[in-house]
Amino acid sequence: MQLNIEIKRYNPDEDDEPHWESYEVPAEPLDSALSLLLHVKWHIDGTLSLRKSCAHGICGSDAMQINGENKLACSVLVQDLADGDGDTITFAPLPSAPVIKDLIIDQSRFFEKYRDVKPWLITDGPEPEREYEQSPEEHAMIEDATKCIMCGACTHACPSTWADPDYLGPAAMLKAYRYTFDSRDDGVEERLDVVDSPDGLWKCYTIFNCNESCPKDIDITRWLSALKRKAATSQASTTA
Amino acid sequence: MAASQTNALNWFLHRITGTFLIFFLITHFWVQHYDHQAASVTHEVVTEKGEMPDYPEEAEEGVEARMGSSAEATPYQVVMQRLADPVYAVLWKGFNILFLVVALHHGFYGLNNVMTDYIRNPMGRLVARALSWTVALGLLILGLYSVITAGW
């Protein structure tokens, strides 16, 4: 089939504002959305800029807004975006993020928030002679959250991020959940200090946009709610 | 990143007040606007005549036009009589005061969330927060005065 591809283009050296450009691209139903963009780049307009690496839904580098929803371009198929000949598929950079060029966003703010939540194991005791042990039940608490590939689709799908760029966002707070609820971790207080802040947990209004956009189907809202309960009970026990 | 400033208690209370609001709103609308039977029973207790007070003709026509010929409405006098009743006044005043406190906390905490979504300057947030809670306090005093003095 022949599809009409519309891409939100922006070159900071030439454009004052982003603008839409259209391309006619041949496609098969089982092609990925990413392959449409690569066709444009390789055969029509080599100046198109986008991030992609593994192209298999692991590296998380090609998250973008496709037909108005945040998705991984490599993980969504043409048949799920278009019905047939002449249909239009739109591509835009993730909303609310500063755009470097075309579909490439500046991720520095995103990763700054990620580092804020101390996404590493914090331990108090002496280093064990063998690996830290964890039972299957203990791991089950965090297994879903460990699937996060840090693509940023969730954080940039959240209206709280759109309104307040300082908001930590679901990706960073999911990482906080992942370590806070890790049975081997002793850094609960340090991490709760970060997420229990005016730009943290309490700006999550439980609207499930993060769940909708997650390419790994992580139940992000559920884990953020667990983190809220943890922060609330921790606060209650501190003041008691 | 702003310094840690917990909002856990307010978040928790927002959930609690939201749950209570479901009960309060349903009870309020049922008793004040919809429940003719239970409301009539209450009115029989709190009014000496055991009858609904007469409506002004225009009010009856207005209610019929909007809600149908079988509709009834609770007039102002009944509400006042209920709040003056020696038995029921404590119940309804307590209900209304709790309703007021719960609704104000729920509404103004929500408003504060919206404001901090859009006001990023810490001083601006402080001013907006102080202003909103001052308005809430004013409404609380006004509401408490209205409920407590009603029926006196």
# chains A, B, ... in the order shown; residues from 1 in each chain; ligands from 1
>>> closest_atom_pairs(of="chain A", to="chain B", cutoff="6 Å", atoms="only C-alpha atoms", output="CSV")
residue,atom,partner,partner_atom,distance
A:Ala163,CA,B:Asp117,CA,5.6
A:Asp164,CA,B:Asp117,CA,5.5
A:Asp193,CA,B:Ser4,CA,5.5
A:Asp196,CA,B:Thr6,CA,5.3
A:Ser197,CA,B:Ser4,CA,4.8
A:Ala232,CA,B:Ala8,CA,4.8
>>> write_last_selection(atoms="C-alpha atoms", output="CSV table (one decimal), in the first residue's frame")
chain,number,residue,atom,x,y,z
A,163,ALA,CA,2.4,21.7,32.7
A,164,ASP,CA,5.5,21.6,35.0
A,193,ASP,CA,13.0,12.5,50.4
A,196,ASP,CA,7.9,13.2,48.4
A,197,SER,CA,8.3,16.8,47.2
A,232,ALA,CA,2.4,8.5,53.3
>>> select_by_dssp(residues="range 41-224 of chain A", states="strand (DSSP E or B)", output="list in words")
Ala63, Met64, Gln65, Ile66, Glu69, Asn70, Lys71, Leu72, Leu77, Thr88, Ile89, Thr90, Phe91, Ala92, Val99, Ile100, Lys101, Ile104 and Ile105 of chain A
>>> residues_around(residues="range 176-184 of chain A", least_positions_apart="4", cutoff="10 Å", atoms="only C-alpha atoms", output="PyMOL selection string")
chain A and resi 114-124+132-135+137-148+170-172+188-192+194-195+220+223-228+230
>>> residues_around(residues="range 129-144 of chain B", least_positions_apart="6", cutoff="9 Å", atoms="only C-alpha atoms", output="VMD selection string")
chain B and resid 96 to 97 100 to 101 104 to 105 108 to 109 111 to 112 115 to 116
>>> write_last_selection(atoms="C-alpha atoms", output="tab-separated table (two decimals), in the first residue's frame")
chain	number	residue	atom	x	y	z
B	96	ASN	CA	-23.34	20.26	57.45
B	97	ILE	CA	-20.20	21.30	59.33
B	100	LEU	CA	-18.25	21.95	54.80
B	101	VAL	CA	-14.83	21.03	56.22
B	104	LEU	CA	-13.30	22.79	51.53
B	105	HIS	CA	-10.24	20.63	52.15
B	108	PHE	CA	-8.79	23.66	47.95
B	109	TYR	CA	-6.19	20.89	48.00
B	111	LEU	CA	-6.96	23.87	43.58
B	112	ASN	CA	-3.49	23.98	45.13
B	115	MET	CA	-1.82	26.11	40.93
B	116	THR	CA	1.48	24.34	41.55
>>> closest_residue(among="A:Asp166, A:Asp31, A:Asp80, A:Glu127", to="Arg109 in chain A", atoms="only C-alpha atoms")
A:Asp166
>>> closest_residue(among="A:Gly152, A:Gln79, A:Met173, A:Asp185", to="Leu201 in chain A", atoms="only C-alpha atoms")
A:Met173
>>> closest_residue(among="A:Phe111, A:Cys158, A:Ser237, A:Ile104", to="Lys175 in chain A", atoms="only C-alpha atoms")
A:Phe111
>>> atom_distance(atom1="CA of Asn67 in chain A", atom2="CA of Glu112 in chain A")
28.3 Å
